[in-house]
Structure formats: C-alpha cells, structure tokens
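K.L.:
For reference, the file work35.cif (mmCIF, C-alpha atoms, pLDDT in the B column; chains and numbers go by the auth columns) is included below:
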```cif
data_data
loop_
_atom_site.group_PDB
_atom_site.id
_atom_site.type_symbol
_atom_site.label_atom_id
_atom_site.label_comp_id
_atom_site.label_asym_id
_atom_site.label_seq_id
_atom_site.Cartn_x
_atom_site.Cartn_y
_atom_site.Cartn_z
_atom_site.B_iso_or_equiv
_atom_site.auth_seq_id
_atom_site.auth_asym_id
ATOM 1 C CA MET A 1 137.739 119.265 114.243 52.00 615 A
ATOM 2 C CA SER A 2 136.828 116.000 112.563 75.00 616 A
ATOM 3 C CA ILE A 3 139.280 113.772 110.737 81.00 617 A
ATOM 4 C CA LEU A 4 137.505 114.400 107.438 75.00 618 A
ATOM 5 C CA LYS A 5 138.059 118.147 107.746 78.00 619 A
ATOM 6 C CA GLN A 6 141.718 117.549 108.618 83.00 620 A
ATOM 7 C CA LEU A 7 142.098 115.503 105.447 82.00 621 A
ATOM 8 C CA GLY A 8 140.254 118.117 103.434 80.00 622 A
ATOM 9 C CA LEU A 9 137.265 115.946 102.613 81.00 623 A
ATOM 10 C CA THR A 10 133.700 117.151 102.670 81.00 624 A
ATOM 11 C CA LYS A 11 130.442 115.283 102.337 77.00 625 A
ATOM 12 C CA GLU A 12 130.041 116.644 98.835 81.00 626 A
ATOM 13 C CA SER A 13 133.515 115.601 97.691 81.00 627 A
ATOM 14 C CA MET A 14 133.030 112.088 99.053 78.00 628 A
ATOM 15 C CA ALA A 15 129.646 111.830 97.313 78.00 629 A
ATOM 16 C CA LYS A 16 131.340 112.949 94.091 82.00 630 A
ATOM 17 C CA MET A 17 133.985 110.212 94.448 81.00 631 A
ATOM 18 C CA LEU A 18 131.716 107.365 95.555 81.00 632 A
ATOM 19 C CA GLY A 19 128.419 108.327 94.055 81.00 633 A
ATOM 20 C CA PRO A 20 125.204 108.547 96.046 76.00 634 A
ATOM 21 C CA VAL A 21 125.328 106.301 99.112 72.00 635 A
ATOM 22 C CA PRO A 22 122.075 105.538 100.946 77.00 636 A
ATOM 23 C CA ALA A 23 122.025 106.192 104.654 78.00 637 A
ATOM 24 C CA PHE A 24 122.491 103.173 106.924 75.00 638 A
ATOM 25 C CA LYS A 25 119.207 101.807 108.203 76.00 639 A
ATOM 26 C CA ASP A 26 119.199 99.627 111.307 71.00 640 A
ATOM 27 C CA PRO A 27 117.059 96.517 111.068 70.00 641 A
ATOM 28 C CA ASP A 28 114.044 96.781 113.302 67.00 642 A
ATOM 29 C CA PRO A 29 114.900 94.777 116.453 64.00 643 A
ATOM 30 C CA LYS A 30 111.218 94.437 117.345 66.00 644 A
ATOM 31 C CA ILE A 31 110.425 92.231 114.339 60.00 645 A
ATOM 32 C CA PRO A 32 109.829 88.727 115.673 60.00 646 A
ATOM 33 C CA ARG A 33 112.087 86.154 114.088 55.00 647 A
ATOM 34 C CA ARG A 34 110.196 83.119 112.800 58.00 648 A
ATOM 35 C CA TRP A 35 111.798 79.767 113.475 59.00 649 A
ATOM 36 C CA GLU A 36 110.211 76.604 112.221 64.00 650 A
ATOM 37 C CA ALA A 37 108.762 74.607 115.090 79.00 651 A
ATOM 38 C CA VAL A 38 109.922 71.062 115.709 84.00 652 A
ATOM 39 C CA PRO A 39 107.281 68.383 115.109 87.00 653 A
ATOM 40 C CA LYS A 40 105.841 66.813 118.240 88.00 654 A
ATOM 41 C CA GLU A 41 107.112 63.337 117.294 91.00 655 A
ATOM 42 C CA ILE A 42 110.733 64.519 117.168 90.00 656 A
ATOM 43 C CA LYS A 43 110.353 66.422 120.414 89.00 657 A
ATOM 44 C CA GLU A 44 108.974 63.357 122.209 90.00 658 A
ATOM 45 C CA ALA A 45 111.663 61.116 120.721 92.00 659 A
ATOM 46 C CA ILE A 46 114.423 63.450 121.938 91.00 660 A
ATOM 47 C CA LEU A 47 112.952 63.527 125.432 90.00 661 A
ATOM 48 C CA LYS A 48 112.869 59.701 125.487 92.00 662 A
ATOM 49 C CA GLU A 49 116.513 59.342 124.386 91.00 663 A
ATOM 50 C CA HIS A 50 119.166 58.271 126.881 89.00 664 A
ATOM 51 C CA LEU A 51 120.856 61.184 128.686 87.00 665 A
ATOM 52 C CA THR A 52 124.323 60.172 127.446 91.00 666 A
ATOM 53 C CA PHE A 53 123.537 61.484 123.939 92.00 667 A
ATOM 54 C CA THR A 54 124.956 64.941 123.268 92.00 668 A
ATOM 55 C CA CYS A 55 122.927 67.721 121.708 92.00 669 A
ATOM 56 C CA ARG A 56 125.070 67.518 118.588 93.00 670 A
ATOM 57 C CA GLU A 57 124.365 63.801 118.185 94.00 671 A
ATOM 58 C CA LEU A 58 120.633 64.292 118.724 93.00 672 A
ATOM 59 C CA GLY A 59 120.533 67.160 116.254 92.00 673 A
ATOM 60 C CA LYS A 60 122.296 65.102 113.618 93.00 674 A
ATOM 61 C CA LYS A 61 120.076 62.074 114.266 93.00 675 A
ATOM 62 C CA TYR A 62 116.786 63.998 113.951 92.00 676 A
ATOM 63 C CA GLY A 63 117.856 66.606 111.382 91.00 677 A
ATOM 64 C CA ILE A 64 117.609 69.669 113.646 90.00 678 A
ATOM 65 C CA SER A 65 120.218 72.042 115.019 89.00 679 A
ATOM 66 C CA SER A 66 122.111 71.162 118.170 90.00 680 A
ATOM 67 C CA SER A 67 120.839 74.338 119.840 88.00 681 A
ATOM 68 C CA CYS A 68 117.264 73.279 119.087 88.00 682 A
ATOM 69 C CA ALA A 69 117.952 69.854 120.623 89.00 683 A
ATOM 70 C CA TRP A 70 119.396 71.618 123.672 90.00 684 A
ATOM 71 C CA ASN A 71 116.273 73.797 123.956 88.00 685 A
ATOM 72 C CA ILE A 72 114.033 70.750 123.836 88.00 686 A
ATOM 73 C CA MET A 73 116.050 68.957 126.506 87.00 687 A
ATOM 74 C CA ASN A 74 116.353 71.926 128.863 87.00 688 A
ATOM 75 C CA LYS A 75 113.149 73.886 128.269 77.00 689 A
ATOM 76 C CA LYS A 76 110.782 70.970 127.904 61.00 690 A
ATOM 77 C CA ASN A 77 107.477 72.844 128.085 49.00 691 A
ATOM 78 C CA LYS A 78 108.531 76.156 126.461 52.00 692 A
ATOM 79 C CA GLN A 79 109.333 74.732 123.004 46.00 693 A
ATOM 80 C CA THR A 80 106.585 75.216 120.455 51.00 694 A
ATOM 81 C CA THR A 81 105.423 72.227 118.478 51.00 695 A
ATOM 82 C CA LYS A 82 104.035 71.890 114.975 53.00 696 A
ATOM 83 C CA GLN A 83 100.771 69.981 114.746 50.00 697 A
#
```
Could you rewrite the structure in this file as structure tokens?

P.N.:
Amino acid sequence: MSILKQLGLTKESMAKMLGPVPAFKDPDPKIPRRWEAVPKEIKEAILKEHLTFTCRELGKKYGISSSCAWNIMNKKNKQTTKQ
C-alpha cells in the first residue's frame, strides 16, 4: 500500500487541490552542450605562461573560467580553438 493511499489521497484529489501538473520530463542527455571555444591567441598565451601560475589566476587574467584554463594546460591538443 502506498503512502498516498494510507493518507487517503488519490491522484484526482491531488489534481483538484493543486490544479493540473504536467508530467516531469527529463532533459535529453544526448543533446551536445555548446561551449564557446577559446581563441587561439589566448590558448597559446596560457601555454607560454610560467608554470607557477594557478588555473584561477590564468582564468582571471585572460577572462576565461579556471576549469577552461586547466583544460588548456592539461589537454593541450584536445581543446578546440576559434579561428
């Protein structure tokens, strides 16, 4: 027995109280997320920086996220570039 039946609630009575509620729809996980690519100049500048700079500092300096700076530093040839 479900909790709703124990409380005496039915689908119809809940719809009467709340009004029509649309069913939950999961976002399609197969939709590719589009991230703006980093320009080639910024990418090259980050790769030329001294290794003592942190990703947060590089991100702030070049106006990109720290995770994007990390990706450029650690996945040098996998990052897409805008031309």

K.L.:
Using atom CA of Tyr676 of chain A and atom CA of Ile660 of chain A as the two end points, give the distance in Å to one decimal.

P.N.:
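Going from atom CA of Tyr676 of chain A over to atom CA of Ile660 of chain A, I get 8.3 Å.
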
K.L.:
Kindly give the distance, in Å, that separates atom CA of Leu618 of chain A and atom CA of Pro641 of chain A, rounded to a single decimal.

P.N.:
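These two atoms are separated by 27.4 Å.
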
K.L.:
So that I can see what lies close to segment 664-668 of chain A, please list as a PyMOL selection string the residues with an atom at most 9 Å from it, counting only C-alpha atoms and leaving out residues fewer than 5 positions away in the same chain.

P.N.:
chain A and resi 673+680+683-684

K.L.:
Atom CA of Cys682 of chain A and atom CA of Arg670 of chain A, how far apart in Å?

P.N.:
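It comes out at 9.7 Å.
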
K.L.:
Can you fill out segment 660-692 of chain A with N, CA and C atoms and hand it back as a PDB file, in the frame of the given file?

P.N.:
```
ATOM      1  N   ILE A 660     113.227  62.895 121.294  1.00 91.00           N
ATOM      2  CA  ILE A 660     114.423  63.450 121.938  1.00 91.00           C
ATOM      3  C   ILE A 660     114.309  63.342 123.449  1.00 91.00           C
ATOM      4  N   LEU A 661     113.133  63.603 123.983  1.00 90.00           N
ATOM      5  CA  LEU A 661     112.952  63.527 125.432  1.00 90.00           C
ATOM      6  C   LEU A 661     113.055  62.084 125.943  1.00 90.00           C
ATOM      7  N   LYS A 662     112.780  61.106 125.080  1.00 92.00           N
ATOM      8  CA  LYS A 662     112.869  59.701 125.487  1.00 92.00           C
ATOM      9  C   LYS A 662     114.276  59.132 125.331  1.00 92.00           C
ATOM     10  N   GLU A 663     115.153  59.842 124.612  1.00 91.00           N
ATOM     11  CA  GLU A 663     116.513  59.342 124.386  1.00 91.00           C
ATOM     12  C   GLU A 663     117.277  59.266 125.702  1.00 91.00           C
ATOM     13  N   HIS A 664     118.313  58.418 125.700  1.00 89.00           N
ATOM     14  CA  HIS A 664     119.166  58.271 126.881  1.00 89.00           C
ATOM     15  C   HIS A 664     119.946  59.567 127.108  1.00 89.00           C
ATOM     16  N   LEU A 665     120.214  59.906 128.350  1.00 87.00           N
ATOM     17  CA  LEU A 665     120.856  61.184 128.686  1.00 87.00           C
ATOM     18  C   LEU A 665     122.318  61.258 128.266  1.00 87.00           C
ATOM     19  N   THR A 666     122.917  60.133 127.853  1.00 91.00           N
ATOM     20  CA  THR A 666     124.323  60.172 127.446  1.00 91.00           C
ATOM     21  C   THR A 666     124.511  60.748 126.047  1.00 91.00           C
ATOM     22  N   PHE A 667     123.434  60.871 125.259  1.00 92.00           N
ATOM     23  CA  PHE A 667     123.537  61.484 123.939  1.00 92.00           C
ATOM     24  C   PHE A 667     123.806  62.975 124.089  1.00 92.00           C
ATOM     25  N   THR A 668     124.699  63.501 123.251  1.00 92.00           N
ATOM     26  CA  THR A 668     124.956  64.941 123.268  1.00 92.00           C
ATOM     27  C   THR A 668     123.942  65.639 122.369  1.00 92.00           C
ATOM     28  N   CYS A 669     123.851  66.932 122.534  1.00 92.00           N
ATOM     29  CA  CYS A 669     122.927  67.721 121.708  1.00 92.00           C
ATOM     30  C   CYS A 669     123.315  67.649 120.238  1.00 92.00           C
ATOM     31  N   ARG A 670     124.604  67.597 119.968  1.00 93.00           N
ATOM     32  CA  ARG A 670     125.070  67.518 118.588  1.00 93.00           C
ATOM     33  C   ARG A 670     124.640  66.192 117.951  1.00 93.00           C
ATOM     34  N   GLU A 671     124.778  65.110 118.703  1.00 94.00           N
ATOM     35  CA  GLU A 671     124.365  63.801 118.185  1.00 94.00           C
ATOM     36  C   GLU A 671     122.858  63.753 117.946  1.00 94.00           C
ATOM     37  N   LEU A 672     122.086  64.294 118.881  1.00 93.00           N
ATOM     38  CA  LEU A 672     120.633  64.292 118.724  1.00 93.00           C
ATOM     39  C   LEU A 672     120.206  65.151 117.537  1.00 93.00           C
ATOM     40  N   GLY A 673     120.850  66.292 117.383  1.00 92.00           N
ATOM     41  CA  GLY A 673     120.533  67.160 116.254  1.00 92.00           C
ATOM     42  C   GLY A 673     120.805  66.482 114.927  1.00 92.00           C
ATOM     43  N   LYS A 674     121.946  65.803 114.843  1.00 93.00           N
ATOM     44  CA  LYS A 674     122.296  65.102 113.618  1.00 93.00           C
ATOM     45  C   LYS A 674     121.335  63.949 113.351  1.00 93.00           C
ATOM     46  N   LYS A 675     120.959  63.232 114.406  1.00 93.00           N
ATOM     47  CA  LYS A 675     120.076  62.074 114.266  1.00 93.00           C
ATOM     48  C   LYS A 675     118.689  62.474 113.772  1.00 93.00           C
ATOM     49  N   TYR A 676     118.154  63.586 114.279  1.00 92.00           N
ATOM     50  CA  TYR A 676     116.786  63.998 113.951  1.00 92.00           C
ATOM     51  C   TYR A 676     116.710  65.135 112.930  1.00 92.00           C
ATOM     52  N   GLY A 677     117.858  65.587 112.427  1.00 91.00           N
ATOM     53  CA  GLY A 677     117.856  66.606 111.382  1.00 91.00           C
ATOM     54  C   GLY A 677     117.487  67.997 111.864  1.00 91.00           C
ATOM     55  N   ILE A 678     117.841  68.326 113.105  1.00 90.00           N
ATOM     56  CA  ILE A 678     117.609  69.669 113.646  1.00 90.00           C
ATOM     57  C   ILE A 678     118.934  70.214 114.149  1.00 90.00           C
ATOM     58  N   SER A 679     118.978  71.467 114.520  1.00 89.00           N
ATOM     59  CA  SER A 679     120.218  72.042 115.019  1.00 89.00           C
ATOM     60  C   SER A 679     120.481  71.565 116.438  1.00 89.00           C
ATOM     61  N   SER A 680     121.755  71.600 116.819  1.00 90.00           N
ATOM     62  CA  SER A 680     122.111  71.162 118.170  1.00 90.00           C
ATOM     63  C   SER A 680     121.542  72.113 119.221  1.00 90.00           C
ATOM     64  N   SER A 681     121.422  73.389 118.877  1.00 88.00           N
ATOM     65  CA  SER A 681     120.839  74.338 119.840  1.00 88.00           C
ATOM     66  C   SER A 681     119.351  74.067 120.040  1.00 88.00           C
ATOM     67  N   CYS A 682     118.682  73.626 118.977  1.00 88.00           N
ATOM     68  CA  CYS A 682     117.264  73.279 119.087  1.00 88.00           C
ATOM     69  C   CYS A 682     117.104  72.035 119.950  1.00 88.00           C
ATOM     70  N   ALA A 683     117.993  71.053 119.783  1.00 89.00           N
ATOM     71  CA  ALA A 683     117.952  69.854 120.623  1.00 89.00           C
ATOM     72  C   ALA A 683     118.189  70.228 122.080  1.00 89.00           C
ATOM     73  N   TRP A 684     119.119  71.156 122.303  1.00 90.00           N
ATOM     74  CA  TRP A 684     119.396  71.618 123.672  1.00 90.00           C
ATOM     75  C   TRP A 684     118.160  72.287 124.266  1.00 90.00           C
ATOM     76  N   ASN A 685     117.493  73.126 123.475  1.00 88.00           N
ATOM     77  CA  ASN A 685     116.273  73.797 123.956  1.00 88.00           C
ATOM     78  C   ASN A 685     115.204  72.790 124.346  1.00 88.00           C
ATOM     79  N   ILE A 686     115.045  71.749 123.536  1.00 88.00           N
ATOM     80  CA  ILE A 686     114.033  70.750 123.836  1.00 88.00           C
ATOM     81  C   ILE A 686     114.370  70.026 125.133  1.00 88.00           C
ATOM     82  N   MET A 687     115.642  69.696 125.312  1.00 87.00           N
ATOM     83  CA  MET A 687     116.050  68.957 126.506  1.00 87.00           C
ATOM     84  C   MET A 687     115.970  69.810 127.775  1.00 87.00           C
ATOM     85  N   ASN A 688     116.257  71.078 127.670  1.00 87.00           N
ATOM     86  CA  ASN A 688     116.353  71.926 128.863  1.00 87.00           C
ATOM     87  C   ASN A 688     115.136  72.807 129.116  1.00 87.00           C
ATOM     88  N   LYS A 689     114.349  73.059 128.112  1.00 77.00           N
ATOM     89  CA  LYS A 689     113.149  73.886 128.269  1.00 77.00           C
ATOM     90  C   LYS A 689     111.967  73.071 127.770  1.00 77.00           C
ATOM     91  N   LYS A 690     111.717  71.976 128.405  1.00 61.00           N
ATOM     92  CA  LYS A 690     110.782  70.970 127.904  1.00 61.00           C
ATOM     93  C   LYS A 690     109.420  71.528 127.539  1.00 61.00           C
ATOM     94  N   ASN A 691     108.844  72.393 128.352  1.00 49.00           N
ATOM     95  CA  ASN A 691     107.477  72.844 128.085  1.00 49.00           C
ATOM     96  C   ASN A 691     107.425  74.205 127.403  1.00 49.00           C
ATOM     97  N   LYS A 692     108.561  74.842 127.121  1.00 52.00           N
ATOM     98  CA  LYS A 692     108.531  76.156 126.461  1.00 52.00           C
ATOM     99  C   LYS A 692     108.675  76.048 124.954  1.00 52.00           C
TER     100      LYS A 692
END
```
